[in-house]
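*Asks:* So here's input-v6.csv, just CSV, C-alpha atoms:
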```
chain,number,residue,atom,x,y,z
A,892,MET,CA,0.0,0.0,0.0
A,893,HIS,CA,1.4,3.4,-1.0
A,894,ASN,CA,0.9,6.2,1.4
A,895,ASN,CA,0.9,9.7,0.1
A,896,LEU,CA,2.3,11.7,3.0
A,897,SER,CA,0.3,14.8,2.1
A,898,ASN,CA,-2.9,12.8,2.5
A,899,PRO,CA,-2.1,9.8,4.7
A,900,LYS,CA,-4.7,7.0,4.9
A,901,PHE,CA,-4.6,5.3,8.3
A,902,ASP,CA,-7.1,2.9,9.9
A,903,ARG,CA,-9.3,5.1,12.1
A,904,ASN,CA,-10.0,2.5,14.8
A,905,SER,CA,-6.4,1.4,15.1
A,906,PHE,CA,-5.3,5.0,15.4
A,907,GLN,CA,-7.9,5.7,18.1
A,908,LEU,CA,-6.8,2.6,20.0
A,909,GLY,CA,-3.2,3.7,19.8
A,910,MET,CA,-4.1,7.0,21.4
A,911,ILE,CA,-6.2,5.2,24.0
A,912,ASN,CA,-3.3,2.8,24.8
A,913,CYS,CA,-0.9,5.8,25.3
A,914,PHE,CA,-3.3,7.7,27.5
A,915,ALA,CA,-4.1,4.6,29.6
A,916,GLU,CA,-0.4,4.1,30.2
A,917,MET,CA,-0.1,7.7,31.3
A,918,VAL,CA,-2.9,7.2,33.8
A,919,ALA,CA,-1.5,3.9,35.0
A,920,CYS,CA,2.0,5.4,35.7
A,921,GLY,CA,0.6,8.5,37.4
A,922,VAL,CA,1.4,11.1,34.8
A,923,LYS,CA,-2.3,11.9,34.3
A,924,LYS,CA,-5.2,11.7,36.8
A,925,LEU,CA,-7.7,11.7,34.0
A,926,ALA,CA,-7.3,11.1,30.3
A,927,LEU,CA,-9.8,11.2,27.5
A,928,SER,CA,-10.1,9.1,24.4
A,929,PRO,CA,-10.4,11.0,21.1
A,930,PRO,CA,-14.0,12.0,20.4
A,931,LEU,CA,-15.7,8.9,19.1
A,932,ALA,CA,-18.7,8.6,16.8
A,933,PRO,CA,-21.1,6.1,18.6
A,934,ALA,CA,-20.5,3.6,15.8
A,935,ASP,CA,-16.7,3.8,16.3
A,936,TYR,CA,-17.2,3.3,20.0
A,937,GLU,CA,-19.0,0.1,19.4
A,938,ILE,CA,-16.2,-1.2,17.2
A,939,ILE,CA,-13.4,-0.3,19.7
A,940,LYS,CA,-15.2,-0.9,23.0
A,941,GLU,CA,-13.8,-4.4,23.6
A,942,ALA,CA,-10.2,-3.5,22.8
A,943,SER,CA,-10.5,-0.4,25.0
A,944,ASP,CA,-11.7,-2.6,27.8
A,945,LYS,CA,-8.7,-4.9,27.3
A,946,ILE,CA,-6.4,-1.9,27.5
A,947,VAL,CA,-8.0,-0.8,30.7
A,948,ASN,CA,-7.8,-4.2,32.2
A,949,GLY,CA,-4.2,-4.6,31.0
A,950,PHE,CA,-3.1,-1.4,32.8
A,951,GLY,CA,-5.3,-2.0,35.9
A,952,ILE,CA,-7.2,1.3,35.5
A,953,GLN,CA,-10.8,2.2,35.0
A,954,SER,CA,-12.9,3.8,32.3
A,955,TYR,CA,-16.3,5.5,32.0
A,956,LEU,CA,-18.2,6.2,28.8
A,957,GLU,CA,-19.2,9.8,28.6
A,958,LYS,CA,-21.8,10.6,26.0
A,959,SER,CA,-21.9,14.3,26.8
A,960,LEU,CA,-18.3,15.5,27.5
A,961,LEU,CA,-17.9,18.6,29.7
A,962,ILE,CA,-17.2,21.4,27.3
A,963,THR,CA,-14.7,24.0,28.4
A,964,ASP,CA,-12.1,26.3,27.0
A,965,LEU,CA,-10.0,23.3,26.1
A,966,GLN,CA,-12.0,22.6,22.9
A,967,SER,CA,-14.9,23.9,20.9
A,968,ASN,CA,-18.4,22.6,21.1
A,969,ASP,CA,-18.1,21.3,17.5
A,970,PHE,CA,-15.1,19.2,18.5
A,971,THR,CA,-17.3,16.8,20.5
A,972,ARG,CA,-20.8,17.5,19.2
A,973,GLY,CA,-22.6,14.1,18.6
A,974,LYS,CA,-19.6,12.2,19.8
A,975,TRP,CA,-18.7,10.2,22.9
A,976,ALA,CA,-15.5,10.1,24.9
A,977,ILE,CA,-14.1,7.4,27.2
A,978,LEU,CA,-12.7,8.7,30.4
A,979,TYR,CA,-9.6,6.8,31.8
A,980,TYR,CA,-8.7,7.1,35.4
A,981,GLU,CA,-7.3,5.0,38.3
A,982,LYS,CA,-9.2,6.2,41.3
A,983,ASP,CA,-13.0,6.5,41.8
A,984,GLU,CA,-12.6,9.9,43.3
A,985,VAL,CA,-11.2,11.2,40.0
A,986,LEU,CA,-14.4,10.2,38.2
A,987,ALA,CA,-16.4,11.7,41.1
A,988,GLU,CA,-14.5,15.0,40.8
A,989,TYR,CA,-15.2,15.1,37.0
A,990,GLN,CA,-18.9,14.4,37.6
A,991,ALA,CA,-19.1,17.1,40.3
A,992,LEU,CA,-17.4,19.6,38.0
A,993,LYS,CA,-19.9,18.8,35.3
A,994,GLU,CA,-22.8,19.2,37.7
A,995,LYS,CA,-21.3,22.5,39.0
A,996,LYS,CA,-21.2,23.8,35.4
A,997,GLN,CA,-24.8,22.7,34.9
A,998,GLN,CA,-26.0,24.4,38.1
A,999,LEU,CA,-24.2,27.6,37.0
A,1000,GLU,CA,-25.9,27.5,33.6
A,1001,ASP,CA,-29.3,26.7,35.1
A,1002,SER,CA,-29.0,29.7,37.5
A,1003,GLY,CA,-27.8,32.1,34.8
A,1004,HIS,CA,-24.4,32.5,36.4
A,1005,TYR,CA,-22.3,30.7,33.8
A,1006,ASP,CA,-20.4,33.8,32.7
A,1007,GLN,CA,-16.8,34.2,31.3
A,1008,SER,CA,-15.3,34.1,34.8
A,1009,ALA,CA,-17.2,30.9,35.7
A,1010,ARG,CA,-16.3,29.3,32.4
A,1011,ARG,CA,-12.6,30.0,33.1
A,1012,ASP,CA,-12.9,28.6,36.6
A,1013,ILE,CA,-14.6,25.4,35.3
A,1014,SER,CA,-12.0,25.1,32.5
A,1015,ARG,CA,-9.1,25.6,34.9
A,1016,GLN,CA,-10.4,22.9,37.2
A,1017,PHE,CA,-11.0,20.5,34.3
A,1018,LEU,CA,-7.5,21.1,32.9
A,1019,ARG,CA,-6.0,20.4,36.4
A,1020,LEU,CA,-8.0,17.2,36.5
A,1021,LEU,CA,-6.4,16.3,33.2
A,1022,SER,CA,-3.0,17.0,34.8
A,1023,TYR,CA,-2.0,20.0,32.7
A,1024,PRO,CA,0.8,22.0,34.2
A,1025,ALA,CA,-0.2,25.4,35.6
A,1026,GLU,CA,1.6,27.4,32.9
A,1027,LYS,CA,0.0,25.5,30.1
A,1028,ILE,CA,-3.4,26.0,31.7
A,1029,GLU,CA,-2.9,29.7,31.7
A,1030,GLN,CA,-1.7,29.6,28.1
A,1031,ILE,CA,-4.8,27.7,27.0
A,1032,LEU,CA,-7.1,30.1,29.0
A,1033,SER,CA,-5.5,33.2,27.4
A,1034,ARG,CA,-6.6,32.2,23.9
A,1035,GLN,CA,-9.4,34.3,22.3
A,1036,LYS,CA,-11.3,31.1,21.6
A,1037,PRO,CA,-10.9,27.4,22.2
A,1038,GLN,CA,-8.4,25.6,19.9
A,1039,ASP,CA,-9.3,22.0,19.2
A,1040,PRO,CA,-6.6,19.5,19.9
A,1041,PHE,CA,-4.8,18.2,16.8
A,1042,ILE,CA,-5.8,14.7,15.7
A,1043,LEU,CA,-4.2,13.3,12.6
A,1044,ILE,CA,-7.3,11.3,11.6
A,1045,GLU,CA,-10.1,13.5,10.3
A,1046,ASP,CA,-13.8,12.7,10.1
```
Go through the file and emit its structure as structure tokens.
*Replies:*
Amino acid sequence: MHNNLSNPKFDRNSFQLGMINCFAEMVACGVKKLALSPPLAPADYEIIKEASDKIVNGFGIQSYLEKSLLITDLQSNDFTRGKWAILYYEKDEVLAEYQALKEKKQQLEDSGHYDQSARRDISRQFLRLLSYPAEKIEQILSRQKPQDPFILIED
């Protein structure tokens, strides 16, 4: 098979599982408290679910299927719209912290208090949960608008 480097054709599911394997290892060795799979179309999730579960078991960590990922200044709404993400973590309290943060955001939205300052606070807490260093968090939050993470495989 000939690969044109300006337009590479890679197997989407294998690529996603490679990313998942890498993030699972980072969680297992304590580099990240929480890691996210790439955004997955529900049909892609069904294809990779079993392999993701094997990766999780192999590293001795846990996972949680999130069908409505917390949207912050880390990425745009369009990046995850209609897609799912698998959360990878080692300790139950990490998932609980994520869920509490998501609930806090919802309460702020419901009460009409989810302004720019609240969004920055929620974003900062989420980025800390993802184990981003403080200087990188501030760099991300200083952007005019969210910048989606680079993923080689496009939709």
*Asks:* Out of A:Val947, A:Gly921, A:Tyr1023, A:Asn904, which residue has the shortest atom-to-atom distance to Ala934 (chain A) when counting only C-alpha atoms?
*Replies:* A:Asn904
*Asks:* If I take CA of Ser1022 (chain A) and CA of Glu937 (chain A), how far is one from the other in Å, to one decimal?
*Replies:*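 Between CA of Ser1022 (chain A) and CA of Glu937 (chain A) the gap is 27.9 Å.
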*Asks:* For Met910 (chain A), which of A:Lys924, A:Glu988, A:Ser943, A:Ser959 is the closest residue, counting all atoms listed in the file?
*Replies:* A:Ser943
*Asks:* As JSON, what would the box around region 928-938 of chain A look like: edges along x, y and z, 3 Å added on every side, centre and edge lengths in Å to one decimal?
*Replies:*
```
{"center_x": -15.6, "center_y": 5.4, "center_z": 20.1, "size_x": 17.0, "size_y": 19.2, "size_z": 14.6}
```
*Asks:* With distances taken over all atoms listed in the file, which residue among A:Gln907, A:Gln1035, A:Gln1016, A:Gln966 lies nearest Asp935 (chain A)?
*Replies:*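 Closest residue, counting all atoms listed in the file: A:Gln907.
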*Asks:* Please, which residues are within 8 Å of (-11.6, 2.6, 28.9) by the file's coordinates, counting all atoms listed in the file, and could they come as a PDB file with C-alpha atoms, in the coordinates of the input?
*Replies:*
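And here is the file that came out, result.pdb:
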```
ATOM      1  CA  ILE A 911      -6.200   5.200  24.000  1.00  0.00           C
ATOM      2  CA  ALA A 915      -4.100   4.600  29.600  1.00  0.00           C
ATOM      3  CA  LYS A 940     -15.200  -0.900  23.000  1.00  0.00           C
ATOM      4  CA  SER A 943     -10.500  -0.400  25.000  1.00  0.00           C
ATOM      5  CA  ASP A 944     -11.700  -2.600  27.800  1.00  0.00           C
ATOM      6  CA  ILE A 946      -6.400  -1.900  27.500  1.00  0.00           C
ATOM      7  CA  VAL A 947      -8.000  -0.800  30.700  1.00  0.00           C
ATOM      8  CA  GLN A 953     -10.800   2.200  35.000  1.00  0.00           C
ATOM      9  CA  SER A 954     -12.900   3.800  32.300  1.00  0.00           C
ATOM     10  CA  TYR A 955     -16.300   5.500  32.000  1.00  0.00           C
ATOM     11  CA  LEU A 956     -18.200   6.200  28.800  1.00  0.00           C
ATOM     12  CA  ILE A 977     -14.100   7.400  27.200  1.00  0.00           C
ATOM     13  CA  LEU A 978     -12.700   8.700  30.400  1.00  0.00           C
ATOM     14  CA  TYR A 979      -9.600   6.800  31.800  1.00  0.00           C
TER      15      TYR A 979
END
```
